[in-house]
Amino acid sequence: MERDFLKEAVKCGERCVLVVDTSAIKKNAGFIIKKTGKKLIAVVKADGYGLGLEETVKALKKTASLFAVATAEEALAVAETGEKALIISPVTEKELKEIAGKDISVSVSDKESARAAAESGSDVHIAVNTGMNRYGADCRDIGTLLEICDAADRRLEGIYTHFACADKEDISVTLESEKRFSAVVNVLGKRRFEYIHSANSAAALRTECTGNAVRAGLALYGISPDLCNAPLAEVSRFYARITHIRLLKDGDALGYCNGYVASGVKRIAVIGAGYADGLPYALKKYGAVLINGTICNIVGNVCMDCAFVDVTYARVQEGDYALVFGGQGEMSYRAQARKCDTIPYELVTGISRRVRRVYLT
């Protein structure tokens with residue numbers, strides 16, 4: 001049964017609210033595991049893609065084998081839930097000290113990071129650069145990193161790479177990166193890595209990849225990567241409450257810098273979400289929200305704490321809630337991102353911590 005996100009937003013009563021269905025996160029995790037036949041490494045960095053790290057980890061305790069994060073702080077938050085974290089970004093010596101003794105693995109991609117990890121006592125995942133040229137060791141240097149870890153008797157828990165173009169129509173770049181990674185894994189065939197992972201959400205849903213695990217992020221949160229069209233369960237919707245309704249006469253100006261001037265009599269709703277809440281300033285030009293089934297255009301400049309919506313032809317009143325992101329069609333994260341010339345990742349992770357989260361289980 002479809003969850004009533006709007007009902008929960010109204011019940012909450014806040015100026016803006018993010019409603020999150022954690023049961024949908026579980027469904028998406030199950031779908032990914034069934035489709036790939038591999039273990040799931042759940043990417044919960046950036047506060048669980050903005051939905052809440054602790055709640056996301058809690059939802060996936062029985063499904064995910066490992067939780068991937070970007071910082072030591074995030075890893076410690078995962079550890080507090082009793083689950084194991086993998087930091088997939090470079091870590092500093094200070095961070096290694098902070099996580100010492102915790103059930104946290106780290107990534108290494110050069111001799112310096114391998115030595116530091118070995119000295120810290122952390123379990124290790126070797127990151128392999130297969131073309132993205134962000135993090136990761138060159139394929140020819142993997143042997144040296146193995147020697148450093150072996151000399152310190154460090155547990156080599158995993159090996160992985162990351163694809164740069166898995167969500168692009170031309171899949172040849174991904175296939176070439178996969179070929180390079182597969183060659184490294186084959187050379188190290190005698191090694192018993194618990195986790196061998198290369199596929200992000202897009203690769204997991206589009207291709208067969210080397211390894212026994214997939215590293216999924218966006219798809220867990222109900223947003224299908226480009227070209228995948230996966231049947232994912234919807235996870236979240238972002239709403240803003242109508243706090244005021246204004247009547248403008250012909251020629252009346254509205255908002256900062258008189259960003260909108262009424263052409264004829266207009267009825268304008270002020271909604272309680274602005275760019276400090278995660279409603280992008282860029283939506284001032286082509287953005288819209290959905291109120292009581294009617295698409296209403298955003299007008300004028302988006303403010304820090306509110307935005308303006310033309311409701312001249314909509315049946316709305318103060319206290320009604322506008323859907324900002326979520327659902328299908330024009331309000332979906334992907335559709336709204338296109339209007340901002342950005343990607344859905346930025347919208348979902350950009351919903352600020354001052355926005356109230358409500359969790360459906």
# chains A, B, ... in the order shown; residues from 1 in each chain; ligands from 1
call {"tool": "select_by_dssp", "arguments": {"residues": "range 79-182 of chain A", "states": "helix (DSSP H, G or I)", "output": "JSON, numbers by chain"}}
result
{"A": [79, 80, 93, 94, 95, 96, 97, 98, 99, 111, 112, 113, 114, 115, 116, 117, 118, 119, 120, 139, 140, 141, 142, 143, 144, 145, 146, 147, 148, 149, 150, 151, 172, 173, 174, 175, 176, 177, 178, 179, 180, 181, 182]}
call {"tool": "select_by_dssp", "arguments": {"residues": "range 136-235 of chain A", "states": "strand (DSSP E)", "output": "VMD selection string"}}
result
chain A and resid 156 to 161 195 to 197 213 to 216
call {"tool": "closest_atom_pairs", "arguments": {"of": "range 94-153 of chain A", "to": "range 187-203 of chain A", "cutoff": "12 Å", "atoms": "only C-alpha atoms", "output": "Markdown table"}}
result
| residue | atom | partner | partner_atom | distance |
| --- | --- | --- | --- | --- |
| A:Ser105 | CA | A:Tyr195 | CA | 11.6 |
| A:Asp123 | CA | A:Glu194 | CA | 11.1 |
| A:Val124 | CA | A:Phe193 | CA | 10.1 |
| A:His125 | CA | A:Tyr195 | CA | 8.3 |
| A:Ile126 | CA | A:Ile196 | CA | 9.7 |
| A:Ala127 | CA | A:Ser198 | CA | 9.8 |
| A:Val128 | CA | A:Ser198 | CA | 9.5 |
| A:Asn129 | CA | A:Ser198 | CA | 10.8 |
| A:Thr130 | CA | A:Ser198 | CA | 10.1 |
| A:Cys139 | CA | A:Val187 | CA | 10.6 |
| A:Arg140 | CA | A:Val187 | CA | 11.2 |
| A:Ile142 | CA | A:Leu188 | CA | 9.6 |
| A:Gly143 | CA | A:Leu188 | CA | 9.1 |
| A:Leu146 | CA | A:Leu188 | CA | 10.0 |
| A:Asp150 | CA | A:Arg191 | CA | 11.5 |
call {"tool": "closest_residue", "arguments": {"among": "A:Ala216, A:Val184, A:Val19, A:Ala9", "to": "Ala68 in chain A", "atoms": "only C-alpha atoms"}}
result
A:Ala216
call {"tool": "residues_around", "arguments": {"residues": "range 275-277 of chain A", "least_positions_apart": "4", "cutoff": "6 Å", "atoms": "only C-alpha atoms", "output": "list in words"}}
result
Tyr281, Met304, Ile351 and Ser352 of chain A
call {"tool": "write_last_selection", "arguments": {"atoms": "C-alpha atoms", "output": "short mmCIF file (atom, residue, chain, number, x, y, z; two decimals), in the first residue's frame"}}
result
data_model
loop_
_atom_site.label_atom_id
_atom_site.label_comp_id
_atom_site.auth_asym_id
_atom_site.auth_seq_id
_atom_site.Cartn_x
_atom_site.Cartn_y
_atom_site.Cartn_z
CA TYR A 281 17.85 29.45 -5.26
CA MET A 304 16.79 31.99 2.89
CA ILE A 351 17.99 19.28 2.65
CA SER A 352 19.38 20.91 5.78
#
call {"tool": "residues_around", "arguments": {"residues": "Glu208 in chain A", "least_positions_apart": "2", "cutoff": "10 Å", "atoms": "only C-alpha atoms", "output": "list in words"}}
result
Thr36, Leu175, Glu178, Ala199, Ala203, Ala204, Leu205, Arg206, Thr210 and Gly211 of chain A
call {"tool": "residues_around", "arguments": {"residues": "Ser332 in chain A", "least_positions_apart": "2", "cutoff": "12 Å", "atoms": "only C-alpha atoms", "output": "compact mmCIF listing (two decimals) with C-alpha atoms, in the first residue's frame"}}
result
# COMPACT_ATOMS: atom_id res chain seq x y z
CA GLY A 222 14.48 5.49 -4.10
CA ILE A 223 16.09 7.52 -6.87
CA SER A 224 16.97 5.51 -9.95
CA GLU A 234 9.76 5.83 -3.11
CA VAL A 235 11.58 6.78 0.08
CA SER A 236 11.14 10.49 0.79
CA ARG A 237 9.15 13.63 0.11
CA PHE A 238 10.00 17.20 1.10
CA GLY A 287 10.71 25.80 -10.40
CA ALA A 288 7.28 24.71 -9.25
CA VAL A 289 5.62 22.94 -6.34
CA LEU A 290 2.51 20.78 -6.10
CA LEU A 323 5.26 19.20 -2.23
CA VAL A 324 8.72 20.51 -3.10
CA PHE A 325 10.57 17.27 -3.94
CA GLY A 326 9.31 13.72 -4.32
CA GLY A 327 6.76 11.59 -6.07
CA GLN A 328 6.67 11.20 -9.82
CA GLY A 329 6.64 13.66 -12.69
CA GLU A 330 7.54 17.30 -12.32
CA ARG A 334 15.35 14.16 -10.87
CA ALA A 335 12.93 16.56 -12.58
CA GLN A 336 13.55 19.34 -10.05
CA ALA A 337 17.31 18.80 -10.36
CA ARG A 338 17.14 19.30 -14.13
CA LYS A 339 15.51 22.69 -13.58
CA ILE A 343 21.87 16.25 -10.11
CA PRO A 344 19.41 14.56 -7.70
CA LEU A 347 18.99 18.05 -3.84
CA VAL A 348 18.50 15.10 -1.50
call {"tool": "residues_around", "arguments": {"residues": "range 20-27 of chain A", "least_positions_apart": "4", "cutoff": "12 Å", "atoms": "only C-alpha atoms", "output": "tab-separated table (two decimals) with N, CA, C and O atoms, in the first residue's frame"}}
result
chain	number	residue	atom	x	y	z
A	1	MET	N	0.85	-1.19	0.00
A	1	MET	CA	0.00	0.00	0.00
A	1	MET	C	0.89	1.24	0.00
A	1	MET	O	1.86	1.34	0.73
A	2	GLU	N	0.53	2.22	-0.83
A	2	GLU	CA	1.32	3.44	-0.92
A	2	GLU	C	1.22	4.23	0.38
A	2	GLU	O	0.13	4.39	0.95
A	3	ARG	N	2.35	4.69	0.87
A	3	ARG	CA	2.35	5.44	2.12
A	3	ARG	C	1.81	6.84	1.90
A	3	ARG	O	2.05	7.46	0.85
A	4	ASP	N	1.11	7.38	2.89
A	4	ASP	CA	0.55	8.72	2.79
A	4	ASP	C	1.54	9.72	3.38
A	4	ASP	O	1.48	10.09	4.55
A	5	PHE	N	2.47	10.14	2.54
A	5	PHE	CA	3.51	11.07	2.98
A	5	PHE	C	2.89	12.40	3.43
A	5	PHE	O	3.29	12.96	4.46
A	6	LEU	N	1.93	12.91	2.67
A	6	LEU	CA	1.33	14.21	2.98
A	6	LEU	C	0.64	14.19	4.35
A	6	LEU	O	0.75	15.14	5.13
A	8	GLU	N	1.43	12.56	6.94
A	8	GLU	CA	2.45	12.64	7.99
A	8	GLU	C	3.01	14.05	8.09
A	8	GLU	O	3.33	14.52	9.19
A	9	ALA	N	3.14	14.74	6.96
A	9	ALA	CA	3.63	16.12	6.98
A	9	ALA	C	2.65	17.03	7.72
A	9	ALA	O	3.04	17.86	8.55
A	31	PHE	N	15.74	-5.44	-3.26
A	31	PHE	CA	15.70	-5.49	-4.73
A	31	PHE	C	17.12	-5.55	-5.30
A	31	PHE	O	17.40	-6.33	-6.23
A	32	ILE	N	18.02	-4.73	-4.78
A	32	ILE	CA	19.40	-4.68	-5.29
A	32	ILE	C	20.10	-6.02	-5.04
A	32	ILE	O	20.79	-6.54	-5.92
A	33	ILE	N	19.92	-6.58	-3.87
A	33	ILE	CA	20.57	-7.85	-3.55
A	33	ILE	C	20.02	-8.96	-4.44
A	33	ILE	O	20.78	-9.79	-4.98
A	34	LYS	N	18.71	-8.97	-4.64
A	34	LYS	CA	18.11	-10.01	-5.49
A	34	LYS	C	18.57	-9.88	-6.93
A	34	LYS	O	18.86	-10.88	-7.60
A	40	LEU	N	25.52	-6.52	0.04
A	40	LEU	CA	25.27	-5.09	-0.08
A	40	LEU	C	26.16	-4.30	0.88
A	40	LEU	O	26.14	-4.53	2.09
A	42	ALA	N	26.09	-0.70	2.00
A	42	ALA	CA	25.18	0.44	1.94
A	42	ALA	C	25.95	1.74	2.14
A	42	ALA	O	26.63	1.91	3.15
A	43	VAL	N	25.84	2.65	1.18
A	43	VAL	CA	26.51	3.94	1.29
A	43	VAL	C	25.61	4.90	2.06
A	43	VAL	O	24.52	5.26	1.60
A	44	VAL	N	26.05	5.26	3.25
A	44	VAL	CA	25.23	6.11	4.13
A	44	VAL	C	25.95	7.42	4.46
A	44	VAL	O	25.63	8.09	5.45
A	48	GLY	N	23.33	9.73	5.54
A	48	GLY	CA	22.40	8.84	4.85
A	48	GLY	C	21.74	9.55	3.69
A	48	GLY	O	20.52	9.49	3.54
A	49	TYR	N	22.58	10.22	2.86
A	49	TYR	CA	22.09	11.01	1.73
A	49	TYR	C	21.01	12.02	2.16
A	49	TYR	O	20.03	12.26	1.47
A	50	GLY	N	21.23	12.59	3.34
A	50	GLY	CA	20.34	13.62	3.83
A	50	GLY	C	19.12	13.10	4.56
A	50	GLY	O	18.36	13.90	5.13
A	51	LEU	N	18.90	11.80	4.59
A	51	LEU	CA	17.68	11.25	5.18
A	51	LEU	C	17.86	10.87	6.65
A	51	LEU	O	16.88	10.60	7.35
A	52	GLY	N	19.11	10.86	7.11
A	52	GLY	CA	19.38	10.50	8.50
A	52	GLY	C	20.20	9.23	8.58
A	52	GLY	O	19.71	8.15	8.28
A	53	LEU	N	21.47	9.35	8.99
A	53	LEU	CA	22.37	8.21	9.01
A	53	LEU	C	21.90	7.13	9.98
A	53	LEU	O	21.83	5.95	9.63
A	54	GLU	N	21.60	7.51	11.20
A	54	GLU	CA	21.24	6.51	12.20
A	54	GLU	C	19.98	5.74	11.81
A	54	GLU	O	19.92	4.51	11.95
A	55	GLU	N	18.98	6.45	11.32
A	55	GLU	CA	17.73	5.79	10.93
A	55	GLU	C	17.93	4.88	9.73
A	55	GLU	O	17.33	3.81	9.63
A	56	THR	N	18.79	5.29	8.81
A	56	THR	CA	19.07	4.47	7.63
A	56	THR	C	19.81	3.20	8.03
A	56	THR	O	19.47	2.10	7.57
A	57	VAL	N	20.82	3.33	8.87
A	57	VAL	CA	21.55	2.15	9.33
A	57	VAL	C	20.62	1.21	10.08
A	57	VAL	O	20.65	-0.01	9.88
A	58	LYS	N	19.77	1.76	10.92
A	58	LYS	CA	18.81	0.96	11.66
A	58	LYS	C	17.92	0.17	10.71
A	58	LYS	O	17.63	-1.02	10.93
A	59	ALA	N	17.47	0.81	9.63
A	59	ALA	CA	16.59	0.15	8.66
A	59	ALA	C	17.29	-0.99	7.93
A	59	ALA	O	16.65	-1.96	7.52
A	60	LEU	N	18.62	-0.88	7.78
A	60	LEU	CA	19.37	-1.84	6.97
A	60	LEU	C	20.20	-2.84	7.78
A	60	LEU	O	20.99	-3.60	7.21
A	61	LYS	N	20.02	-2.85	9.08
A	61	LYS	CA	20.83	-3.72	9.95
A	61	LYS	C	20.82	-5.18	9.51
A	61	LYS	O	21.83	-5.87	9.56
A	62	LYS	N	19.66	-5.67	9.09
A	62	LYS	CA	19.54	-7.08	8.73
A	62	LYS	C	19.81	-7.35	7.25
A	62	LYS	O	19.74	-8.50	6.82
A	63	THR	N	20.10	-6.30	6.50
A	63	THR	CA	20.24	-6.44	5.05
A	63	THR	C	21.65	-6.14	4.57
A	63	THR	O	22.22	-6.89	3.78
A	64	ALA	N	22.21	-5.04	5.02
A	64	ALA	CA	23.54	-4.63	4.57
A	64	ALA	C	24.63	-5.36	5.34
A	64	ALA	O	24.50	-5.62	6.54
A	216	ALA	N	25.97	0.36	-3.02
A	216	ALA	CA	24.82	1.14	-3.49
A	216	ALA	C	24.54	2.32	-2.59
A	216	ALA	O	24.59	2.22	-1.37
A	217	GLY	N	24.23	3.45	-3.21
A	217	GLY	CA	23.85	4.65	-2.48
A	217	GLY	C	22.51	5.17	-2.98
A	217	GLY	O	21.47	4.87	-2.41
A	218	LEU	N	22.52	5.90	-4.07
A	218	LEU	CA	21.32	6.60	-4.56
A	218	LEU	C	20.12	5.68	-4.70
A	218	LEU	O	19.00	6.03	-4.31
A	219	ALA	N	20.32	4.49	-5.24
A	219	ALA	CA	19.19	3.58	-5.46
A	219	ALA	C	18.53	3.16	-4.15
A	219	ALA	O	17.31	2.93	-4.11
A	220	LEU	N	19.29	3.06	-3.08
A	220	LEU	CA	18.70	2.72	-1.78
A	220	LEU	C	17.65	3.73	-1.37
A	220	LEU	O	16.65	3.40	-0.72
A	221	TYR	N	17.87	4.99	-1.78
A	221	TYR	CA	17.02	6.07	-1.34
A	221	TYR	C	15.90	6.38	-2.34
A	221	TYR	O	15.28	7.45	-2.29
A	222	GLY	N	15.64	5.41	-3.24
A	222	GLY	CA	14.48	5.49	-4.10
A	222	GLY	C	14.63	6.32	-5.35
A	222	GLY	O	13.64	6.60	-6.03
A	223	ILE	N	15.86	6.72	-5.67
A	223	ILE	CA	16.09	7.52	-6.87
A	223	ILE	C	16.90	6.69	-7.86
A	223	ILE	O	18.05	6.35	-7.59
A	231	PRO	N	12.61	-0.34	-10.80
A	231	PRO	CA	11.35	-0.24	-10.05
A	231	PRO	C	11.60	-0.08	-8.55
A	231	PRO	O	11.34	-0.98	-7.75
A	232	LEU	N	12.10	1.08	-8.17
A	232	LEU	CA	12.46	1.33	-6.78
A	232	LEU	C	11.28	1.90	-6.00
A	232	LEU	O	10.45	2.64	-6.55
A	233	ALA	N	11.22	1.58	-4.73
A	233	ALA	CA	10.18	2.13	-3.86
A	233	ALA	C	10.52	3.56	-3.49
A	233	ALA	O	11.68	3.89	-3.21
A	234	GLU	N	9.53	4.44	-3.47
A	234	GLU	CA	9.76	5.83	-3.11
A	234	GLU	C	10.08	5.94	-1.62
A	234	GLU	O	9.39	5.34	-0.79
A	235	VAL	N	11.10	6.71	-1.30
A	235	VAL	CA	11.58	6.78	0.08
A	235	VAL	C	11.24	8.08	0.78
A	235	VAL	O	10.89	8.09	1.96
A	236	SER	N	11.30	9.22	0.08
A	236	SER	CA	11.14	10.49	0.79
A	236	SER	C	10.41	11.54	-0.02
A	236	SER	O	10.45	11.54	-1.26
A	237	ARG	N	9.76	12.44	0.71
A	237	ARG	CA	9.15	13.63	0.11
A	237	ARG	C	9.40	14.82	1.02
A	237	ARG	O	9.34	14.70	2.24
A	238	PHE	N	9.69	15.97	0.40
A	238	PHE	CA	10.00	17.20	1.10
A	238	PHE	C	8.83	18.17	0.91
A	238	PHE	O	8.46	18.48	-0.22
A	239	TYR	N	8.25	18.62	2.02
A	239	TYR	CA	7.09	19.50	1.99
A	239	TYR	C	7.38	20.83	2.67
A	239	TYR	O	8.20	20.90	3.59
A	326	GLY	N	9.81	15.07	-4.58
A	326	GLY	CA	9.31	13.72	-4.32
A	326	GLY	C	8.19	13.34	-5.26
A	326	GLY	O	7.68	14.15	-6.04
A	348	VAL	N	18.85	15.92	-2.66
A	348	VAL	CA	18.50	15.10	-1.50
A	348	VAL	C	19.49	15.30	-0.35
A	348	VAL	O	19.10	15.34	0.82
A	356	ARG	N	12.69	19.36	9.79
A	356	ARG	CA	12.24	18.26	10.63
A	356	ARG	C	12.14	16.98	9.80
A	356	ARG	O	11.58	16.97	8.71
A	357	ARG	N	12.67	15.87	10.32
A	357	ARG	CA	12.53	14.56	9.69
A	357	ARG	C	11.43	13.78	10.42
A	357	ARG	O	11.42	13.74	11.65
A	358	VAL	N	10.56	13.17	9.65
A	358	VAL	CA	9.54	12.29	10.19
A	358	VAL	C	9.73	10.93	9.53
A	358	VAL	O	9.82	10.83	8.30
A	359	TYR	N	9.77	9.87	10.34
A	359	TYR	CA	10.08	8.53	9.82
A	359	TYR	C	8.87	7.62	9.89
A	359	TYR	O	8.24	7.46	10.93
A	360	LEU	N	8.59	7.02	8.74
A	360	LEU	CA	7.59	5.96	8.64
A	360	LEU	C	8.32	4.63	8.68
A	360	LEU	O	9.36	4.47	8.05
A	361	THR	N	7.81	3.67	9.40
A	361	THR	CA	8.48	2.37	9.51
A	361	THR	C	7.58	1.25	9.00
A	361	THR	O	6.40	1.47	8.73
call {"tool": "closest_residue", "arguments": {"among": "A:Ala152, A:Ala46, A:Met132, A:Ile242", "to": "Cys306 in chain A", "atoms": "only C-alpha atoms"}}
result
A:Ile242
call {"tool": "atom_distance", "arguments": {"atom1": "CA of Tyr345 in chain A", "atom2": "CA of Ser107 in chain A"}}
result
22.9 Å
call {"tool": "decode", "arguments": {"residues": "range 37-60 of chain A", "atoms": "N, CA and C atoms", "output": "CSV table (one decimal), in the first residue's frame"}}
result
chain,number,residue,atom,x,y,z
A,37,GLY,N,22.6,-10.6,-6.8
A,37,GLY,CA,23.1,-11.8,-6.2
A,37,GLY,C,24.4,-11.6,-5.3
A,38,LYS,N,24.6,-10.3,-4.9
A,38,LYS,CA,25.8,-10.0,-4.2
A,38,LYS,C,25.5,-9.4,-2.8
A,39,LYS,N,26.5,-9.3,-2.0
A,39,LYS,CA,26.4,-8.7,-0.7
A,39,LYS,C,26.2,-7.2,-0.9
A,40,LEU,N,25.5,-6.5,0.0
A,40,LEU,CA,25.3,-5.1,-0.1
A,40,LEU,C,26.2,-4.3,0.9
A,41,ILE,N,26.9,-3.4,0.3
A,41,ILE,CA,27.6,-2.4,1.1
A,41,ILE,C,26.8,-1.1,0.9
A,42,ALA,N,26.1,-0.7,2.0
A,42,ALA,CA,25.2,0.4,1.9
A,42,ALA,C,25.9,1.7,2.1
A,43,VAL,N,25.8,2.7,1.2
A,43,VAL,CA,26.5,3.9,1.3
A,43,VAL,C,25.6,4.9,2.1
A,44,VAL,N,26.0,5.3,3.3
A,44,VAL,CA,25.2,6.1,4.1
A,44,VAL,C,26.0,7.4,4.5
A,45,LYS,N,26.9,7.8,3.6
A,45,LYS,CA,27.6,9.0,3.9
A,45,LYS,C,26.7,10.2,3.7
A,46,ALA,N,27.1,11.4,4.0
A,46,ALA,CA,26.3,12.6,3.9
A,46,ALA,C,25.0,12.5,4.7
A,47,ASP,N,25.1,11.9,5.9
A,47,ASP,CA,24.0,11.7,6.8
A,47,ASP,C,22.9,10.8,6.1
A,48,GLY,N,23.3,9.7,5.5
A,48,GLY,CA,22.4,8.8,4.9
A,48,GLY,C,21.7,9.5,3.7
A,49,TYR,N,22.6,10.2,2.9
A,49,TYR,CA,22.1,11.0,1.7
A,49,TYR,C,21.0,12.0,2.2
A,50,GLY,N,21.2,12.6,3.3
A,50,GLY,CA,20.3,13.6,3.8
A,50,GLY,C,19.1,13.1,4.6
A,51,LEU,N,18.9,11.8,4.6
A,51,LEU,CA,17.7,11.3,5.2
A,51,LEU,C,17.9,10.9,6.7
A,52,GLY,N,19.1,10.9,7.1
A,52,GLY,CA,19.4,10.5,8.5
A,52,GLY,C,20.2,9.2,8.6
A,53,LEU,N,21.5,9.4,9.0
A,53,LEU,CA,22.4,8.2,9.0
A,53,LEU,C,21.9,7.1,10.0
A,54,GLU,N,21.6,7.5,11.2
A,54,GLU,CA,21.2,6.5,12.2
A,54,GLU,C,20.0,5.7,11.8
A,55,GLU,N,19.0,6.5,11.3
A,55,GLU,CA,17.7,5.8,10.9
A,55,GLU,C,17.9,4.9,9.7
A,56,THR,N,18.8,5.3,8.8
A,56,THR,CA,19.1,4.5,7.6
A,56,THR,C,19.8,3.2,8.0
A,57,VAL,N,20.8,3.3,8.9
A,57,VAL,CA,21.6,2.2,9.3
A,57,VAL,C,20.6,1.2,10.1
A,58,LYS,N,19.8,1.8,10.9
A,58,LYS,CA,18.8,1.0,11.7
A,58,LYS,C,17.9,0.2,10.7
A,59,ALA,N,17.5,0.8,9.6
A,59,ALA,CA,16.6,0.2,8.7
A,59,ALA,C,17.3,-1.0,7.9
A,60,LEU,N,18.6,-0.9,7.8
A,60,LEU,CA,19.4,-1.8,7.0
A,60,LEU,C,20.2,-2.8,7.8
